[in-house]
Amino acid sequence: MNPDLNDEQKEGIVFNIQKFSVHDGEGIRTLVFLKGCPLRCRWCSNPESQRMKPEHAFNPSRCLTAELCGRCLKVCKTGALSLKDGFILFDVRKCKQCMACTEACPAGAQTQYGSVMKIKDILDKVERDAVFFSRSGGGLTLSGGEALAQFDFALALLRAARKRALDTTIETCGYYPYEHMHEACRYLNKLIMDIKMLDPEKHKQYTGVDNALILDNFKRVVEDFPELPILVRTPVIPGVNDSDEEIMAIRNLIPRRPNIEYELLTYHRLGQPKYGYLGRGYGLDADVVADKERMRHLRELAK
Amino acid sequence: MSETLTLSPQEERIINKKVDRHGRERVYKILERNQFTIPYVDVERAKYFTESMRETEGELLTLRWAKALKNVAEKMTVWITPDQLLAGRVGKLGRYGILYPEIDGDFYREVLGNLENRDKSPFKIDPADLKTVMEEIAPYWEGKTYHEQLNKVLPAELRNVTYDDERGLKSKFVVSETSSYRSALQWVPDYEKVLKRGFIDIQNEVKERLANLDLSNSVDLWEKKPFLDAMYIVCDAIMIWAKRHADLARDMAAKESDPVRKAELEQIAETCERVPAYPARNFREAVQCQWFVQLFSRIEQKASAIISNGRMDQYLYPYYKKDIEDGTLTKAQAKELLECMWVEMAQFIDLYINPEGVEFQEGYAHWEAVTIGGQTPQGEDATNDLSYLFLESKREFPLNYPDLAARIHSRTPERFLYEVALTIKDGSGFPKLINDEEVVFLNTVKGCPVNEALDYAVSGCTETRMPNRDTYTSGCVYVNFATALEMTLYNGRMLYYGDEKIGLETGDPTTFTTWDEFYNAYKAQQINLLHKAFQQQVVVDKLRPQHFAAPLSSVLHNLCMENCLDLHTEKIPGGVDYSYFEFLGYGTIVDSLAAIKKLVFEEKKLTMQQVIDACRADFKGYEPIREMLSHAPCYGNDDPYADSIAKDVDRICQLEAIKSTKERGVHVDVRYVPITSHVPFGQVVSATPNGRHAWTALSDGSSASHGADTNGPTAVLLSNYHSKNYDLINRASRLLNLKLSPKSVAGEAGTKKIMNIIRTWCDLKLWHLQFNIVNRETLEKAQKDPANYRNLLVRIAGYSAYFCDISRSLQNDIIERTEHEDF
């Protein structure tokens, strides 16, 4: 079998394809979000990206109400959906992820995050914006979840994208065997990697994993790919990693080279409602809010 | 405003009250004196025009018109606005509009007395002036206006879809005529000719042509001679009128005690003694000369949306360059002169008497489009220092007039594109973009010489003109194709009009068993409306030359002079004639058809009966069905399912238009430029199978239905591209709105993104593009607190208007346009 054709036929779990992404790599890009992430950052704005399988979610703001519709209640056999005081309630513990309710819901309130897609179909979709890529220097950005969590699939996707002459970037947390990163970088025009904090204990507390592997991977990739454009990013979480010292410590870790950039991301809680849809709780207190002045100061500092 | 909201420069100015007036004291003074006053109706033009027309009955219409213009030129009050550097306006001080009773004088009885109280674009009229209208003007035009004649001659089956009452005062909003809103569509006179030659030289040419006539030949005697006499008179008229301004300036200077103003007035006098009689010698004279021609064109007739400014950065450039090199003009002075023109323009309001005409272009719309950039007649890039000056002026002094249009082509320099993007980012909607790669191609294949096609000017909303090749176009027919869809559901009827049979009886759709059967029924309804539209245009085209003449525009048009024919003549040898029809409800129809195809005929999740029941009930009690319908594939998402339907619907139009083109010898082209009329047209359309509620706005232009375009701006552009039939040429403008949040285009990177979008848009050969870069929050606040947001400009449709000047329903329409965020 032709190995390239083989790549195009491979399947993986994608939860979103987003066009006109302008902040994640060069030019106008299309972001392909893959499901699955080894980290559980408390501020994660895409909680639907974390598990490596399709999952059900309920967005009550789209619901027509049981009075006008109620179709989901009729098809739910597990009792995960129930009616109380006229409102539909969702109990994630009882949900068997059969997706019968997402089929039945006309309003998109019962939805499924993630579905299995073939690389060919993904790239056909991405390529629809090729006319914008060629003018803007844009292309495909793999994101997640963790872009490389579904490693074989992600690698095949990058390889196939390069065959189609697409510019490729990934957004990664860097938490996996170094070989994965090394292999992926062979097919990349740019690497975007997070370094969230340096204190291993704190890292574990807020992301669920130790950061030694991440920092080691970063060190090695910088050595092994001296020409590769790399963007290092730190999401600045108020009260967690936003002290001058912590940001500067990260800054000092990053070699000052023309192909390596550093960027601070402003914390936002736009992803919070999705935790509710998934029947989960949000990991940070309500009073955690980004401070414009503080961000300006830190950006100046980290120049 | 939330902490993290990124503001556009315009929002910054309004919300944080940051306005830099430095160096613009004069124009701000003029502007703020009357920027938000309710406009007045000035009746002098109508009065003196009518006075003369009364005396010349029986003569050639062009000659009568020239005489009438001369009468106006001699008698109408002449004005120099306080503090102005340019002389001339055609109505009293403050914002004003003027009357054209020859078009719609039959509306005066109903409309004029109550003009101040209408909620859309109100006007005031002085009681004495009202008396003049009712006693001196209106009685003469009774039974003679264009509108009355049109209403009279339209055959019953056309009247039936055009008007909804006996006198033709109410539109049916099915196949609407707009030819009675104006004497012709927008126009650009050949300003350059006047600047270079002056009217004395032009008049000499007339004299020579007169001398060469063979008066023993009856055509020469009865047609050409009176035509040329008219040309001679109109040259006199404009020169007399200009001279009166010179006299006025001398008078005012004599009485002026302030030495600075006295000197200014003396300079105005000197300029007005020179132009437009003689060629302009410098930038100041050129600007004044252009202004006189423009103003006199307004006296001549009501060309819709007013006369455009043409390629101003081209024809003014030699004067600018010379003066700058000589050291007789500074850049700041040039800007001040131009901005003096803008504030004067802002005071002239295009007065729509017909209450429905108002709904078609709300917000005191007028489009004196200034064209910048593009290519030279030889096909080289045309950008020059003046092109940049116009952009700079727009950023620093963002008034809603003139409308600024940038021509873009494949080799548009980066710097020009960069400054265009910067100006767009300001957020007040300027400039709109017109694509040379589409327009030049289309004009060329339609018979225009390449050099003239390359030299087109943007005119009106999104149209283009070639001042010596184009001929007049009648106000076009607006076809509400959403009614074709409705009539497919209800066997030729519309819920709004009850039992009246308006379209074809295509049968009961619940008996249809295949998609083809349904689509063929829809197609038959669409074609039926197209035929009605074309038939109506034939009547209109025949009638227009009997009612209107344009001696000034004719004397400036090479083909009119060569053939001794008025520019209103139906066909002028050598001319390229365009006729347009407006497509209303594109997105609405496509989304509805896609929903029916998918849900009823392919997936069979709904029956036709269910869809009809739900629509009849405006979805009350059928909410789940509405959700299913609105989740079907939608136009505007680069979804081939919907876009292929869109393409075919466009194709139906063009294939019929080709037949009509052959029949009439005029290019009949489909356009998607509703201005603001998708709001009133929606008011007669009941709920549609895309989930749209009854009587709400239709989708606008070639943009997606509100909220349906969820895939970002690249998908919007691509849907537009994939729904165009590039193998057919009976197409013209497609108006396309992109609303972006200021955040998504923030910083240098954001400017680059706009440039990238524009480059790709140019590659895709789409006709038009305009941006609204404003936060939804700002619009909502402006709605609640208009006093503090009076200066907020928004892009409507080929023009920008003050948000607080437009009606609530249109405000909502703009708020609901999908805002594309970055991700």
# chains A, B, ... in the order shown; residues from 1 in each chain; ligands from 1

call {"tool": "interface_residues", "arguments": {"of": "chain B", "to": "chain A", "cutoff": "8 Å", "atoms": "only C-alpha atoms", "output": "PyMOL selection string"}}
result
chain B and resi 3-4+621-625+627-628+631+711-715+744+753+756-757+759-760+822-823

call {"tool": "select_by_dssp", "arguments": {"residues": "stretch 647-800 of chain B", "states": "strand (DSSP E or B)", "output": "ChimeraX atom specification"}}
result
/B:667-672,731-734,737-740,768-773,793-795,800

call {"tool": "residues_around", "arguments": {"residues": "B:Tyr163", "least_positions_apart": "3", "cutoff": "12 Å", "atoms": "only C-alpha atoms", "output": "list of chain:residue names"}}
result
B:His147, B:Leu150, B:Asn151, B:Lys152, B:Leu154, B:Pro155, B:Ala156, B:Glu157, B:Leu158, B:Arg159, B:Asn160, B:Glu166, B:Arg167, B:Gly168, B:Leu169, B:Lys170, B:Ser171, B:Lys172, B:Phe173, B:Val174, B:Val175, B:Ser176, B:Glu177, B:Thr178, B:Glu356, B:Ile502, B:Gln536

call {"tool": "write_last_selection", "arguments": {"atoms": "N, CA and C atoms", "output": "mmCIF file, in the first residue's frame"}}
result
data_model
loop_
_atom_site.group_PDB
_atom_site.id
_atom_site.type_symbol
_atom_site.label_atom_id
_atom_site.label_comp_id
_atom_site.auth_asym_id
_atom_site.auth_seq_id
_atom_site.Cartn_x
_atom_site.Cartn_y
_atom_site.Cartn_z
ATOM 1 N N HIS B 147 -43.857 59.666 -11.860
ATOM 2 C CA HIS B 147 -44.457 58.605 -11.056
ATOM 3 C C HIS B 147 -45.915 58.345 -11.437
ATOM 4 N N LEU B 150 -46.024 56.528 -14.758
ATOM 5 C CA LEU B 150 -45.630 55.125 -14.628
ATOM 6 C C LEU B 150 -46.793 54.311 -14.072
ATOM 7 N N ASN B 151 -47.401 54.855 -13.043
ATOM 8 C CA ASN B 151 -48.535 54.166 -12.429
ATOM 9 C C ASN B 151 -49.649 53.953 -13.449
ATOM 10 N N LYS B 152 -49.814 54.935 -14.334
ATOM 11 C CA LYS B 152 -50.871 54.872 -15.330
ATOM 12 C C LYS B 152 -50.568 53.846 -16.428
ATOM 13 N N LEU B 154 -48.403 51.248 -16.460
ATOM 14 C CA LEU B 154 -48.074 49.851 -16.129
ATOM 15 C C LEU B 154 -49.299 48.966 -16.355
ATOM 16 N N PRO B 155 -49.177 47.914 -17.131
ATOM 17 C CA PRO B 155 -50.315 47.002 -17.324
ATOM 18 C C PRO B 155 -50.717 46.359 -15.990
ATOM 19 N N ALA B 156 -51.971 45.979 -15.900
ATOM 20 C CA ALA B 156 -52.522 45.489 -14.629
ATOM 21 C C ALA B 156 -51.675 44.389 -13.993
ATOM 22 N N GLU B 157 -51.221 43.438 -14.813
ATOM 23 C CA GLU B 157 -50.503 42.307 -14.210
ATOM 24 C C GLU B 157 -49.140 42.730 -13.656
ATOM 25 N N LEU B 158 -48.610 43.866 -14.132
ATOM 26 C CA LEU B 158 -47.369 44.383 -13.561
ATOM 27 C C LEU B 158 -47.652 45.284 -12.364
ATOM 28 N N ARG B 159 -48.691 46.103 -12.491
ATOM 29 C CA ARG B 159 -49.083 46.973 -11.370
ATOM 30 C C ARG B 159 -49.322 46.143 -10.123
ATOM 31 N N ASN B 160 -49.971 45.017 -10.362
ATOM 32 C CA ASN B 160 -50.351 44.103 -9.303
ATOM 33 C C ASN B 160 -49.177 43.636 -8.423
ATOM 34 N N GLU B 166 -54.201 52.218 -5.423
ATOM 35 C CA GLU B 166 -54.664 52.810 -6.672
ATOM 36 C C GLU B 166 -53.660 53.806 -7.256
ATOM 37 N N ARG B 167 -53.168 54.715 -6.406
ATOM 38 C CA ARG B 167 -52.316 55.792 -6.915
ATOM 39 C C ARG B 167 -50.834 55.436 -6.992
ATOM 40 N N GLY B 168 -50.526 54.254 -6.586
ATOM 41 C CA GLY B 168 -49.117 53.859 -6.661
ATOM 42 C C GLY B 168 -48.260 54.530 -5.602
ATOM 43 N N LEU B 169 -48.883 54.853 -4.479
ATOM 44 C CA LEU B 169 -48.120 55.475 -3.395
ATOM 45 C C LEU B 169 -47.499 54.411 -2.491
ATOM 46 N N LYS B 170 -48.111 53.245 -2.508
ATOM 47 C CA LYS B 170 -47.605 52.174 -1.633
ATOM 48 C C LYS B 170 -46.993 51.054 -2.464
ATOM 49 N N SER B 171 -45.819 50.639 -2.050
ATOM 50 C CA SER B 171 -45.165 49.548 -2.770
ATOM 51 C C SER B 171 -45.764 48.212 -2.352
ATOM 52 N N LYS B 172 -45.741 47.292 -3.281
ATOM 53 C CA LYS B 172 -46.197 45.937 -2.948
ATOM 54 C C LYS B 172 -45.065 45.136 -2.310
ATOM 55 N N PHE B 173 -43.842 45.596 -2.514
ATOM 56 C CA PHE B 173 -42.646 44.904 -2.009
ATOM 57 C C PHE B 173 -42.507 43.499 -2.574
ATOM 58 N N VAL B 174 -42.989 43.302 -3.803
ATOM 59 C CA VAL B 174 -42.759 42.023 -4.471
ATOM 60 C C VAL B 174 -41.795 42.276 -5.638
ATOM 61 N N VAL B 175 -42.272 43.051 -6.631
ATOM 62 C CA VAL B 175 -41.389 43.474 -7.728
ATOM 63 C C VAL B 175 -41.428 45.003 -7.707
ATOM 64 N N SER B 176 -40.682 45.606 -6.843
ATOM 65 C CA SER B 176 -40.812 47.039 -6.603
ATOM 66 C C SER B 176 -40.049 47.855 -7.623
ATOM 67 N N GLU B 177 -40.661 48.949 -8.049
ATOM 68 C CA GLU B 177 -39.913 49.868 -8.914
ATOM 69 C C GLU B 177 -39.252 50.909 -8.029
ATOM 70 N N THR B 178 -38.074 51.358 -8.419
ATOM 71 C CA THR B 178 -37.445 52.459 -7.687
ATOM 72 C C THR B 178 -37.118 53.586 -8.661
ATOM 73 N N GLU B 356 -41.574 55.235 1.079
ATOM 74 C CA GLU B 356 -40.923 53.934 0.949
ATOM 75 C C GLU B 356 -39.507 54.078 0.407
ATOM 76 N N ILE B 502 -50.770 36.107 -6.428
ATOM 77 C CA ILE B 502 -49.722 37.035 -6.857
ATOM 78 C C ILE B 502 -48.742 36.357 -7.806
ATOM 79 N N GLN B 536 -41.273 45.219 -16.423
ATOM 80 C CA GLN B 536 -41.395 46.524 -15.773
ATOM 81 C C GLN B 536 -40.266 47.468 -16.202
#

call {"tool": "closest_residue", "arguments": {"among": "A:Lys77, A:Gly144, A:Lys202, A:Lys96", "to": "A:Ser45", "atoms": "only C-alpha atoms"}}
result
A:Gly144

call {"tool": "closest_atom_pairs", "arguments": {"of": "stretch 114-194 of chain A", "to": "stretch 39-42 of chain A", "cutoff": "9 Å", "atoms": "only C-alpha atoms", "output": "JSON lines"}}
result
{"residue": "A:Gly145", "atom": "CA", "partner": "A:Leu39", "partner_atom": "CA", "distance": 8.6}
{"residue": "A:Glu146", "atom": "CA", "partner": "A:Leu39", "partner_atom": "CA", "distance": 8.3}
{"residue": "A:Cys173", "atom": "CA", "partner": "A:Leu39", "partner_atom": "CA", "distance": 8.1}
{"residue": "A:Tyr175", "atom": "CA", "partner": "A:Leu39", "partner_atom": "CA", "distance": 8.0}

call {"tool": "residues_around", "arguments": {"residues": "B:Asp83", "least_positions_apart": "2", "cutoff": "8 Å", "atoms": "only C-alpha atoms", "output": "list of chain:residue names"}}
result
B:Arg26, B:Ile30, B:Thr81, B:Leu85, B:Arg261

call {"tool": "closest_residue", "arguments": {"among": "A:Phe225, A:Tyr282, A:Ala161, A:Phe87", "to": "A:Asn46", "atoms": "only C-alpha atoms"}}
result
A:Tyr282

call {"tool": "atom_distance", "arguments": {"atom1": "atom CA of B:Asp426", "atom2": "atom CA of B:Leu779"}}
result
15.5 Å

call {"tool": "residues_around", "arguments": {"residues": "B:Phe771", "least_positions_apart": "3", "cutoff": "6 Å", "atoms": "only C-alpha atoms", "output": "ChimeraX atom specification"}}
result
/B:429,737-739

call {"tool": "residues_around", "arguments": {"residues": "A:Gly239", "least_positions_apart": "2", "cutoff": "12 Å", "atoms": "only C-alpha atoms", "output": "number ranges by chain"}}
result
A: 202, 206, 236-237, 241-244, 246, 267, 284-285, 287-291, 294

call {"tool": "write_last_selection", "arguments": {"atoms": "C-alpha atoms", "output": "PDB file, in the first residue's frame"}}
result
ATOM      1  CA  LYS A 202       3.012  23.953  42.103  1.00  0.00           C
ATOM      2  CA  TYR A 206      -2.339  23.183  39.169  1.00  0.00           C
ATOM      3  CA  VAL A 236      -0.534  34.147  33.291  1.00  0.00           C
ATOM      4  CA  ILE A 237      -2.908  33.041  36.031  1.00  0.00           C
ATOM      5  CA  ASN A 241       2.184  32.294  38.458  1.00  0.00           C
ATOM      6  CA  ASP A 242       1.946  36.041  37.960  1.00  0.00           C
ATOM      7  CA  SER A 243       4.779  37.251  40.190  1.00  0.00           C
ATOM      8  CA  ASP A 244       7.654  39.080  38.547  1.00  0.00           C
ATOM      9  CA  GLU A 246       8.175  33.491  38.362  1.00  0.00           C
ATOM     10  CA  TYR A 267      -6.106  34.603  31.610  1.00  0.00           C
ATOM     11  CA  LEU A 284     -10.319  28.353  39.995  1.00  0.00           C
ATOM     12  CA  ASP A 285     -12.161  30.739  42.302  1.00  0.00           C
ATOM     13  CA  ASP A 287     -12.443  36.207  42.043  1.00  0.00           C
ATOM     14  CA  VAL A 288      -9.539  35.253  39.774  1.00  0.00           C
ATOM     15  CA  VAL A 289      -9.615  37.999  37.157  1.00  0.00           C
ATOM     16  CA  ALA A 290      -6.919  39.213  34.788  1.00  0.00           C
ATOM     17  CA  ASP A 291      -5.483  42.633  35.528  1.00  0.00           C
ATOM     18  CA  ARG A 294      -0.323  43.760  35.617  1.00  0.00           C
TER      19      ARG A 294
END

call {"tool": "residues_around", "arguments": {"residues": "stretch 48-51 of chain A", "least_positions_apart": "5", "cutoff": "8 Å", "atoms": "only C-alpha atoms", "output": "JSON, numbers by chain"}}
result
{"A": [15, 33, 34, 35, 36, 37, 38, 39, 40, 113, 144, 145, 274, 275, 278]}

call {"tool": "write_last_selection", "arguments": {"atoms": "C-alpha atoms", "output": "compact mmCIF listing (two decimals), in the first residue's frame"}}
result
# COMPACT_ATOMS: atom_id res chain seq x y z
CA PHE A 15 -13.55 18.03 18.53
CA PHE A 33 -8.48 20.53 17.82
CA LEU A 34 -7.65 16.97 18.78
CA LYS A 35 -9.14 15.34 21.81
CA GLY A 36 -7.09 14.13 24.72
CA CYS A 37 -4.65 15.83 27.09
CA PRO A 38 -2.34 14.45 29.80
CA LEU A 39 -2.69 17.66 31.82
CA ARG A 40 -5.64 18.94 33.82
CA TYR A 113 -17.87 16.88 21.89
CA GLY A 144 -6.06 20.25 21.55
CA GLY A 145 -6.23 18.99 24.11
CA LYS A 274 -18.45 24.36 29.26
CA TYR A 275 -17.51 22.79 32.60
CA LEU A 278 -19.97 18.52 30.99

call {"tool": "closest_residue", "arguments": {"among": "A:Leu166, A:Leu155, A:Cys185, A:Ala104", "to": "A:Val75", "atoms": "only C-alpha atoms"}}
result
A:Ala104

call {"tool": "select_by_dssp", "arguments": {"residues": "stretch 344-497 of chain B", "states": "alpha helix (DSSP H)", "output": "PyMOL selection string"}}
result
chain B and resi 344-347+355-360+385-396+414-426+436-445+450-454+481-489
